[in-house]
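See below for target13.csv, which holds CSV, C-alpha atoms (C1' of nucleotides).
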chain,number,residue,atom,x,y,z
A,202,MET,CA,76.7,0.2,-34.8
A,203,ILE,CA,78.0,3.1,-36.7
A,204,ILE,CA,75.9,6.1,-35.9
A,205,ARG,CA,76.2,7.5,-32.4
A,206,ASP,CA,73.7,10.3,-32.8
A,207,PRO,CA,72.1,11.3,-36.1
A,208,THR,CA,71.3,14.9,-35.1
A,209,PRO,CA,74.7,16.5,-35.8
A,210,LEU,CA,74.5,15.3,-39.4
A,211,ARG,CA,71.1,16.8,-40.0
A,212,GLU,CA,70.6,20.1,-41.7
A,213,SER,CA,68.7,21.6,-38.7
A,214,PHE,CA,71.6,20.9,-36.3
A,215,LEU,CA,73.0,24.0,-34.7
A,216,PRO,CA,76.6,23.3,-33.8
A,217,ASN,CA,78.2,25.0,-30.8
A,218,ARG,CA,81.2,26.0,-32.8
A,219,ILE,CA,81.5,27.1,-36.4
A,220,ILE,CA,84.6,26.5,-38.4
A,221,HIS,CA,86.0,28.4,-41.3
A,222,ARG,CA,83.7,31.3,-40.9
A,223,ASP,CA,85.6,33.5,-38.5
A,224,SER,CA,85.4,36.7,-40.6
A,225,HIS,CA,81.7,36.2,-41.1
A,226,ILE,CA,81.2,35.7,-37.4
A,227,SER,CA,83.0,38.9,-36.5
A,228,ALA,CA,81.1,40.8,-39.2
A,229,LEU,CA,77.8,39.6,-37.8
A,230,ARG,CA,78.9,40.4,-34.3
A,231,GLU,CA,79.8,43.9,-35.4
A,232,THR,CA,76.4,44.3,-37.0
A,233,ILE,CA,74.6,43.3,-33.8
A,234,ARG,CA,76.9,45.2,-31.4
A,235,PRO,CA,75.2,48.6,-31.5
A,236,LEU,CA,72.0,47.0,-30.4
A,237,VAL,CA,73.7,45.5,-27.4
A,238,GLU,CA,75.3,48.9,-26.6
A,239,GLY,CA,72.0,50.6,-27.0
A,240,THR,CA,72.9,52.7,-30.0
A,241,GLN,CA,71.4,52.8,-33.5
A,242,ALA,CA,70.7,49.3,-34.6
A,243,ARG,CA,72.3,48.0,-37.8
A,244,HIS,CA,71.1,45.5,-40.4
A,245,ALA,CA,72.8,42.9,-42.6
A,246,PHE,CA,72.1,41.3,-45.9
A,247,ILE,CA,73.6,37.8,-45.9
A,248,HIS,CA,73.9,36.1,-49.2
A,249,GLY,CA,75.7,33.2,-50.9
A,250,PRO,CA,75.0,29.8,-52.4
A,251,THR,CA,73.2,27.0,-50.5
A,252,GLY,CA,75.2,25.0,-48.0
A,253,THR,CA,77.7,27.8,-47.2
A,254,GLY,CA,76.7,28.3,-43.6
A,255,LYS,CA,74.6,31.4,-43.9
A,256,THR,CA,71.7,30.3,-41.7
A,257,CYS,CA,73.9,28.3,-39.3
A,258,THR,CA,76.4,31.1,-38.7
A,259,SER,CA,73.7,33.8,-38.3
A,260,ARG,CA,71.9,31.7,-35.7
A,261,TYR,CA,75.1,30.8,-34.0
A,262,VAL,CA,76.1,34.4,-33.6
A,263,SER,CA,72.7,35.9,-32.7
A,264,GLU,CA,71.6,33.2,-30.4
A,265,GLY,CA,75.0,33.2,-28.8
A,266,ILE,CA,74.8,36.9,-28.1
A,267,ALA,CA,71.2,36.5,-26.9
A,268,GLU,CA,72.5,34.0,-24.3
A,269,GLU,CA,75.1,36.4,-22.9
A,270,THR,CA,73.0,39.6,-22.9
A,271,SER,CA,69.4,40.7,-22.5
A,272,LEU,CA,69.1,40.7,-26.3
A,273,GLN,CA,66.5,38.4,-27.8
A,274,SER,CA,66.8,36.6,-31.1
A,275,VAL,CA,64.1,35.2,-33.5
A,276,TYR,CA,64.6,33.0,-36.5
A,277,ILE,CA,62.0,33.1,-39.2
A,278,ASN,CA,61.8,31.1,-42.4
A,279,CYS,CA,60.0,33.3,-44.8
A,280,TRP,CA,58.7,30.4,-46.8
A,281,GLU,CA,56.6,29.4,-43.9
A,282,HIS,CA,55.8,32.9,-42.7
A,283,SER,CA,55.6,35.0,-45.9
A,284,SER,CA,53.1,37.7,-45.1
A,285,ARG,CA,53.6,40.8,-43.0
A,286,TYR,CA,51.1,39.6,-40.5
A,287,ALA,CA,52.6,36.1,-40.3
A,288,VAL,CA,56.1,37.4,-39.6
A,289,LEU,CA,54.8,39.8,-37.0
A,290,PHE,CA,52.9,37.1,-35.3
A,291,ARG,CA,55.8,34.7,-35.3
A,292,ILE,CA,58.0,37.3,-33.7
A,293,LEU,CA,55.5,38.0,-30.9
A,294,GLU,CA,55.0,34.3,-30.4
A,295,SER,CA,58.7,33.7,-29.9
A,296,LEU,CA,58.9,36.7,-27.5
A,297,GLY,CA,56.3,34.9,-25.4
A,298,SER,CA,53.4,37.1,-26.2
A,299,ALA,CA,51.5,34.4,-28.1
A,300,LEU,CA,48.8,34.2,-25.4
A,301,THR,CA,48.0,37.9,-25.7
A,302,ALA,CA,48.4,38.1,-29.4
A,303,HIS,CA,45.6,36.1,-31.0
A,304,ARG,CA,46.0,34.6,-34.4
A,305,LYS,CA,43.2,36.4,-36.0
A,306,GLY,CA,41.4,39.5,-35.1
A,307,SER,CA,44.0,42.1,-34.4
A,308,ALA,CA,45.3,44.6,-36.9
A,309,PRO,CA,49.0,44.5,-37.7
A,310,ASP,CA,49.4,47.9,-36.1
A,311,GLU,CA,48.3,46.4,-32.8
A,312,LEU,CA,50.9,43.7,-33.1
A,313,ILE,CA,53.5,46.3,-33.7
A,314,LEU,CA,52.4,48.3,-30.7
A,315,MET,CA,52.6,45.1,-28.7
A,316,MET,CA,56.1,44.5,-29.9
A,317,ARG,CA,57.3,48.0,-29.2
A,318,LYS,CA,56.2,47.5,-25.6
A,319,ARG,CA,58.2,44.2,-25.4
A,320,LEU,CA,61.2,45.9,-26.8
A,321,GLU,CA,61.4,48.6,-24.2
A,322,SER,CA,63.4,46.3,-22.0
A,323,SER,CA,65.5,44.5,-24.6
A,324,GLY,CA,66.7,44.7,-28.2
A,325,LEU,CA,65.8,42.0,-30.7
A,326,VAL,CA,67.6,40.3,-33.6
A,327,VAL,CA,65.3,39.1,-36.3
A,328,MET,CA,66.6,36.6,-38.8
A,329,LEU,CA,64.6,36.5,-42.0
A,330,ASP,CA,65.8,33.4,-43.8
A,331,GLU,CA,64.9,33.1,-47.5
A,332,VAL,CA,63.9,36.7,-47.3
A,333,ASP,CA,63.0,36.8,-51.0
A,334,ALA,CA,60.1,34.5,-50.2
A,335,LEU,CA,58.3,37.4,-48.5
A,336,THR,CA,55.1,38.3,-50.3
A,337,ASP,CA,55.2,41.8,-48.8
A,338,PHE,CA,58.4,43.6,-48.0
A,339,SER,CA,56.6,46.2,-45.8
A,340,ILE,CA,57.4,44.1,-42.8
A,341,LEU,CA,61.0,45.3,-43.3
A,342,TYR,CA,59.8,48.9,-42.9
A,343,ASP,CA,57.9,48.0,-39.7
A,344,LEU,CA,60.9,46.4,-38.2
A,345,ILE,CA,63.2,49.3,-39.1
A,346,LEU,CA,60.9,51.8,-37.5
A,347,LEU,CA,60.9,49.8,-34.3
A,348,GLU,CA,64.5,50.9,-33.8
A,349,ARG,CA,65.5,48.4,-31.2
A,350,VAL,CA,65.7,45.7,-33.9
A,351,SER,CA,68.5,44.4,-36.0
A,352,ILE,CA,67.4,42.6,-39.1
A,353,LEU,CA,69.5,39.9,-40.7
A,354,MET,CA,68.2,39.1,-44.1
A,355,ILE,CA,69.4,35.8,-45.5
A,356,SER,CA,69.1,34.6,-49.1
A,357,ASN,CA,70.9,32.6,-51.6
A,358,ARG,CA,70.2,35.1,-54.3
A,359,ASP,CA,72.2,38.4,-54.1
A,360,THR,CA,69.3,40.1,-55.9
A,361,ALA,CA,66.8,39.1,-53.2
A,362,LEU,CA,66.1,42.6,-52.2
A,363,SER,CA,65.6,44.1,-55.6
A,364,GLY,CA,61.9,44.1,-55.1
A,365,VAL,CA,61.9,46.4,-52.0
A,366,ASP,CA,60.7,50.0,-52.6
A,367,ASP,CA,62.8,53.1,-52.2
A,368,ARG,CA,61.4,54.0,-48.9
A,369,ILE,CA,62.8,50.8,-47.4
A,370,ARG,CA,65.9,50.7,-49.6
A,371,SER,CA,67.1,54.1,-48.4
A,372,ARG,CA,66.7,53.0,-44.8
A,373,LEU,CA,68.7,49.9,-45.5
A,374,SER,CA,71.4,51.7,-47.5
A,375,SER,CA,73.9,51.5,-44.6
A,376,MET,CA,73.4,47.8,-44.0
A,377,GLU,CA,76.2,45.3,-44.0
A,378,ASN,CA,76.6,43.1,-47.0
A,379,ILE,CA,78.0,39.8,-45.9
A,380,HIS,CA,78.8,37.3,-48.7
A,381,PHE,CA,79.3,33.6,-48.1
A,382,THR,CA,81.4,31.7,-50.6
A,383,ARG,CA,81.5,28.0,-51.2
A,384,TYR,CA,83.7,26.0,-49.0
A,385,SER,CA,87.0,24.6,-50.3
A,386,ARG,CA,87.6,20.9,-50.3
A,387,ASP,CA,89.8,21.1,-47.2
A,388,GLU,CA,87.3,23.2,-45.3
A,389,LEU,CA,84.6,20.7,-46.1
A,390,ILE,CA,86.7,17.9,-44.9
A,391,ASP,CA,87.2,19.8,-41.6
A,392,ILE,CA,83.4,20.3,-41.3
A,393,LEU,CA,82.7,16.7,-42.1
A,394,ARG,CA,85.2,15.5,-39.5
A,395,ASP,CA,83.8,17.8,-36.9
A,396,ARG,CA,80.3,16.6,-37.3
A,397,ALA,CA,81.4,13.0,-37.7
A,398,ASP,CA,83.1,13.2,-34.3
A,399,LEU,CA,79.8,14.1,-32.8
A,400,GLY,CA,77.5,11.9,-34.7
A,401,ILE,CA,79.4,8.8,-35.8
A,402,LEU,CA,81.4,6.4,-33.7
A,403,PRO,CA,85.2,6.6,-34.0
A,404,ASP,CA,87.0,5.0,-36.9
A,405,LYS,CA,83.9,4.2,-38.9
A,406,VAL,CA,84.4,6.7,-41.7
A,407,PRO,CA,87.4,6.1,-44.0
A,408,PRO,CA,89.3,9.3,-44.5
A,409,THR,CA,89.3,8.8,-48.2
A,410,LEU,CA,85.5,8.7,-48.2
A,411,MET,CA,85.5,12.1,-46.5
A,412,ARG,CA,87.7,13.4,-49.3
A,413,ARG,CA,85.5,12.0,-52.0
A,414,ILE,CA,82.4,13.5,-50.5
A,415,ALA,CA,84.1,16.8,-50.0
A,416,GLU,CA,85.2,16.8,-53.7
A,417,SER,CA,81.9,15.8,-55.1
A,418,SER,CA,79.7,18.2,-53.1
A,419,GLY,CA,80.6,21.4,-54.9
A,420,GLY,CA,81.5,23.4,-51.8
A,421,ASP,CA,78.0,22.7,-50.4
A,422,ALA,CA,78.2,21.6,-46.7
A,423,ARG,CA,74.6,20.7,-46.6
A,424,ALA,CA,75.0,18.3,-49.6
A,425,ALA,CA,78.2,16.9,-48.1
A,426,LEU,CA,76.7,16.2,-44.7
A,427,SER,CA,73.6,14.6,-46.2
A,428,MET,CA,75.9,12.4,-48.3
A,429,LEU,CA,77.8,11.3,-45.2
A,430,MET,CA,74.5,10.7,-43.4
A,431,VAL,CA,73.2,8.5,-46.2
A,432,ALA,CA,76.4,6.5,-46.4
A,433,ALA,CA,76.3,5.9,-42.6
A,434,GLU,CA,72.7,4.9,-42.6
A,435,LYS,CA,73.1,2.6,-45.5
A,436,ALA,CA,76.1,0.9,-43.9
A,437,GLU,CA,74.4,0.6,-40.6
A,438,SER,CA,71.2,-0.9,-42.0
A,439,SER,CA,73.1,-3.5,-44.0
A,440,GLY,CA,74.9,-4.5,-40.8
A,441,LEU,CA,78.4,-3.4,-41.8
A,442,GLU,CA,81.0,-2.6,-39.2
A,443,THR,CA,82.4,0.4,-41.0
A,444,ILE,CA,81.2,2.7,-43.8
A,445,PRO,CA,82.5,1.4,-47.2
A,446,ASP,CA,84.8,3.8,-49.1
A,447,LYS,CA,82.3,4.5,-51.8
A,448,LEU,CA,80.2,7.5,-52.6
A,449,PRO,CA,76.6,6.9,-51.7
A,450,GLU,CA,74.0,7.5,-54.5
A,451,VAL,CA,72.0,10.4,-53.3
A,452,GLY,CA,69.8,12.8,-55.0
A,453,LYS,CA,70.7,16.5,-54.6
A,454,ILE,CA,68.1,17.3,-52.0
A,455,PRO,CA,65.4,15.0,-51.0
A,456,GLU,CA,62.3,15.8,-53.1
A,457,LYS,CA,60.1,15.9,-50.1
A,458,ASP,CA,61.7,18.9,-48.6
A,459,LEU,CA,61.0,21.0,-51.6
A,460,THR,CA,57.5,19.9,-52.3
A,461,GLU,CA,56.4,19.9,-48.7
A,462,HIS,CA,54.2,22.9,-48.7
A,463,LEU,CA,52.8,22.6,-52.2
A,464,ASN,CA,49.1,22.1,-52.7
A,465,GLU,CA,47.7,19.2,-54.8
A,466,TYR,CA,47.4,21.3,-57.9
A,467,GLN,CA,51.1,22.3,-57.8
A,468,ARG,CA,52.0,18.6,-57.3
A,469,LEU,CA,50.0,17.7,-60.4
A,470,LEU,CA,51.6,20.5,-62.3
A,471,LEU,CA,55.0,19.2,-61.4
A,472,GLU,CA,54.0,15.7,-62.5
A,473,ILE,CA,52.7,16.9,-65.9
A,474,ILE,CA,55.8,19.1,-66.5
A,475,LYS,CA,58.1,16.2,-65.6
A,476,GLU,CA,56.2,13.9,-67.9
A,477,ARG,CA,56.1,16.3,-70.9
A,478,GLY,CA,59.7,17.6,-70.6
A,479,GLU,CA,58.8,21.0,-72.0
A,480,ILE,CA,55.4,22.5,-72.3
A,481,ASP,CA,53.7,25.8,-73.1
A,482,SER,CA,51.4,27.5,-70.7
A,483,ALA,CA,48.1,26.9,-72.6
A,484,THR,CA,48.6,23.1,-72.9
A,485,LEU,CA,49.8,22.9,-69.3
A,486,TYR,CA,46.6,24.5,-68.1
A,487,LYS,CA,44.5,22.2,-70.2
A,488,GLU,CA,46.4,19.2,-69.0
A,489,LEU,CA,46.0,20.4,-65.4
A,490,ILE,CA,42.3,20.8,-65.8
A,491,SER,CA,41.8,17.3,-67.2
A,492,ALA,CA,44.2,15.7,-64.7
A,493,SER,CA,42.5,17.4,-61.8
A,494,SER,CA,39.0,16.4,-62.9
A,495,ARG,CA,40.2,12.9,-63.3
A,496,ALA,CA,41.4,13.1,-59.7
A,497,GLY,CA,38.0,14.4,-58.6
A,498,MET,CA,39.4,17.9,-57.8
A,499,GLU,CA,37.6,21.2,-58.3
A,500,LYS,CA,38.3,23.1,-61.5
A,501,ILE,CA,40.6,26.1,-60.9
A,502,VAL,CA,40.5,29.3,-62.9
A,503,ASP,CA,43.4,30.2,-65.3
A,504,ARG,CA,44.5,33.0,-63.1
A,505,THR,CA,45.0,30.7,-60.1
A,506,PHE,CA,46.9,28.4,-62.4
A,507,ARG,CA,49.3,31.2,-63.2
A,508,ASN,CA,49.7,31.9,-59.5
A,509,TYR,CA,50.6,28.3,-58.8
A,510,VAL,CA,53.1,28.1,-61.7
A,511,SER,CA,54.9,31.3,-60.7
A,512,ALA,CA,55.1,30.0,-57.1
A,513,LEU,CA,56.7,26.8,-58.5
A,514,SER,CA,59.2,28.9,-60.4
A,515,ASP,CA,59.9,31.0,-57.3
A,516,ARG,CA,60.9,27.8,-55.6
A,517,ASN,CA,63.1,26.8,-58.5
A,518,LEU,CA,60.9,23.7,-59.1
A,519,VAL,CA,60.2,24.6,-62.7
A,520,LYS,CA,62.3,26.4,-65.2
A,521,ILE,CA,60.8,29.2,-67.3
A,522,SER,CA,62.1,30.0,-70.8
A,523,GLY,CA,60.8,32.7,-73.0
A,524,THR,CA,58.4,35.4,-72.1
A,525,GLY,CA,54.8,36.4,-72.6
A,526,ARG,CA,52.7,34.3,-74.8
A,527,TRP,CA,55.7,32.1,-75.7
A,528,THR,CA,56.6,31.1,-72.2
A,529,ARG,CA,57.5,27.4,-71.8
A,530,TYR,CA,58.0,25.4,-68.7
A,531,SER,CA,60.3,22.6,-68.0
A,532,ALA,CA,61.4,20.5,-65.1
A,533,GLN,CA,64.2,22.0,-63.1
B,123,DC,C1',51.1,50.2,-90.1
B,124,DT,C1',47.0,48.8,-87.5
B,125,DT,C1',44.3,45.4,-85.4
B,126,DC,C1',43.8,41.0,-83.3
B,127,DC,C1',44.8,37.4,-80.3
B,128,DA,C1',46.4,34.8,-76.4
B,129,DC,C1',48.5,35.2,-72.4
B,130,DC,C1',50.5,37.8,-68.4
B,131,DG,C1',50.1,39.7,-63.9
B,132,DG,C1',48.4,43.6,-60.7
B,133,DA,C1',44.6,44.9,-57.9
B,134,DA,C1',40.1,44.7,-56.2
B,135,DC,C1',37.0,41.7,-54.4
B,136,DC,C1',34.8,37.7,-52.0
B,137,DG,C1',34.0,33.6,-49.1
B,138,DT,C1',35.7,31.3,-45.3
B,139,DG,C1',37.2,30.4,-40.8
B,140,DG,C1',39.1,31.6,-36.3
B,141,DG,C1',39.2,34.4,-32.3
B,142,DA,C1',37.3,38.3,-29.3
B,143,DA,C1',33.9,41.3,-27.7
B,144,DA,C1',29.2,42.1,-26.8
C,130,DT,C1',25.1,32.8,-28.4
C,131,DT,C1',25.6,36.4,-31.9
C,132,DT,C1',28.3,40.0,-34.0
C,133,DC,C1',32.4,41.9,-35.5
C,134,DC,C1',37.0,42.0,-37.2
C,135,DC,C1',40.6,40.2,-39.6
C,136,DA,C1',44.0,37.3,-42.7
C,137,DC,C1',44.2,34.3,-46.4
C,138,DG,C1',43.5,31.8,-50.6
C,139,DG,C1',41.3,32.0,-54.6
C,140,DT,C1',38.4,34.5,-58.2
C,141,DT,C1',37.0,38.4,-61.1
C,142,DC,C1',38.3,42.2,-63.7
C,143,DC,C1',41.1,44.4,-66.7
C,144,DG,C1',45.0,46.9,-68.8
C,145,DG,C1',49.5,45.6,-70.8
C,146,DT,C1',52.4,43.1,-74.1
C,147,DG,C1',54.3,41.5,-78.4
C,148,DG,C1',54.1,38.4,-82.3
C,149,DA,C1',50.7,37.2,-86.0
C,150,DA,C1',47.3,38.4,-89.2
C,151,DG,C1',45.2,41.7,-92.3
Encoded form using structure tokens:
Amino acid sequence: MIIRDPTPLRESFLPNRIIHRDSHISALRETIRPLVEGTQARHAFIHGPTGTGKTCTSRYVSEGIAEETSLQSVYINCWEHSSRYAVLFRILESLGSALTAHRKGSAPDELILMMRKRLESSGLVVMLDEVDALTDFSILYDLILLERVSILMISNRDTALSGVDDRIRSRLSSMENIHFTRYSRDELIDILRDRADLGILPDKVPPTLMRRIAESSGGDARAALSMLMVAAEKAESSGLETIPDKLPEVGKIPEKDLTEHLNEYQRLLLEIIKERGEIDSATLYKELISASSRAGMEKIVDRTFRNYVSALSDRNLVKISGTGRWTRYSAQ
DNA sequence: CTTCCACCGGAACCGTGGGAAA
DNA sequence: TTTCCCACGGTTCCGGTGGAAG
């Protein structure tokens, strides 16, 4: 036995204390405070590389405040809820209005009205994770106009909001800019130790392994934790008593997570691109058509193909070089 | 320099499917 | 049950773009 409880090592785990993010925590608290006090709500743009604790810290702060006060807090991943309507619906759902808000058949304005009603009694913190995945930024405007809402926009690109129009931009001009930097080696060791205490039985992880993992994960806590998890699982399944002091072989991020919500055409596209190395648009489309007909799939039109490819590049699954007619695609 | 070509991507449009109201 | 309303994904339409060809 090595693993006590796998959940603290998983990405989705929300710890009850956050280490090495004190200044970020207080910045976030300051952002939300006016809402608690009933004055003008403030917003924040939270950015920084993956695995630096953006999501974790935001949830920790806003869910913590929600527990102590009448404030409510909603977390939304914009990859899963990317349209204005989907975000609105998700908010209402988590406010407990799902039964009265039906999935289809009501105009967005109705949903907003419904929300306004719910917000008479309490303020709301809306976390929009991966905010650049929104297909329609007008939801930001909707939320700003509700007044009793603090928006926390999270992204790993600091240019994530470059697409918003001036009407929204000017309303957001006073928002907090909270930047998360990569963890240092020692900070990562602290985090690993903290989670290992919760998830792994005592004295199972050699301290030197912690250091190796911290050094090789490039300041990315997510990568470090998944490495530790893999090492622990491997040792346990091969019946060892302790985890060997050796870096586990682990791909950056499990492929499945990234390709989860792709359709079958996009998966085919990825296969073709991976196989060919680098490929131009026209050939890629031809290959897709022949591959898909071989697989007994419907033919898709070239415009749809372009939509799929650009979705793939938005998700950093393919790399685009060149522009216009000379665009070439390669595996990321 | 002008025209052509192949592709890009915005926008309007359409079919589908789910839920609510009649 | 039928009718209506709506979001969503995909298609159609079309103007834009920039190197190649004339």
Would you tabulate, counting only C-alpha atoms (C1' of nucleotides), all residues of range 202-286 of chain A that have an atom at most 12 Å from an atom of range 131-151 of chain C, showing the closest pair of atoms and their distance in Å to one decimal, sorted by chain then ascending number, as a tab-separated table?
residue	atom	partner	partner_atom	distance
A:Ser283	CA	C:DC137	C1'	11.4
A:Ser284	CA	C:DA136	C1'	9.4
A:Arg285	CA	C:DA136	C1'	10.2
A:Tyr286	CA	C:DA136	C1'	7.8
**OP:** Could you check how far CA of Arg507 in chain A sits from CA of Ser522 in chain A, in Å to one decimal?
**Re:** 14.9 Å
Subject >> Top pick for closest residue to chain C, considering A:Asp398, A:Glu238, A:Glu388, A:Glu311 and counting all atoms listed in the file >> reply: A:Glu311
Subject >> All residues 9 Å or closer to Thr208 in chain A, all atoms listed in the file, same chain fewer than 5 positions away omitted, as number ranges by chain >> reply: A: 213-214, 399-400
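Among the candidates A:Thr232, A:Asn517, A:Asn508, A:Gln241, the residue lying nearest to chain B is A:Asn508 (atoms considered: all atoms listed in the file).
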Original post:
Do you know which residues lie at most 12 Å from (46.3, 31.9, -75.3), with coordinates as in the file and all atoms listed in the file counted, and could you write them as a list in words?
Top reply: Asp481, Ser482, Ala483, Thr484, Leu485, Tyr486, Lys487, Asp503, Gly525, Arg526, Trp527 and Thr528 of chain A; DC127, DA128, DC129 and DC130 of chain B
Subject >> Separation of CA of Asp333 in chain A from CA of Leu469 in chain A in Å >> reply: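 Interatomic distance, CA of Leu469 in chain A to CA of Asp333 in chain A: 24.9 Å.
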Subject >> For CA of Ile345 in chain A and CA of Gly297 in chain A, the interatomic separation in Å (one decimal) >> reply: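 It comes out at 21.0 Å.
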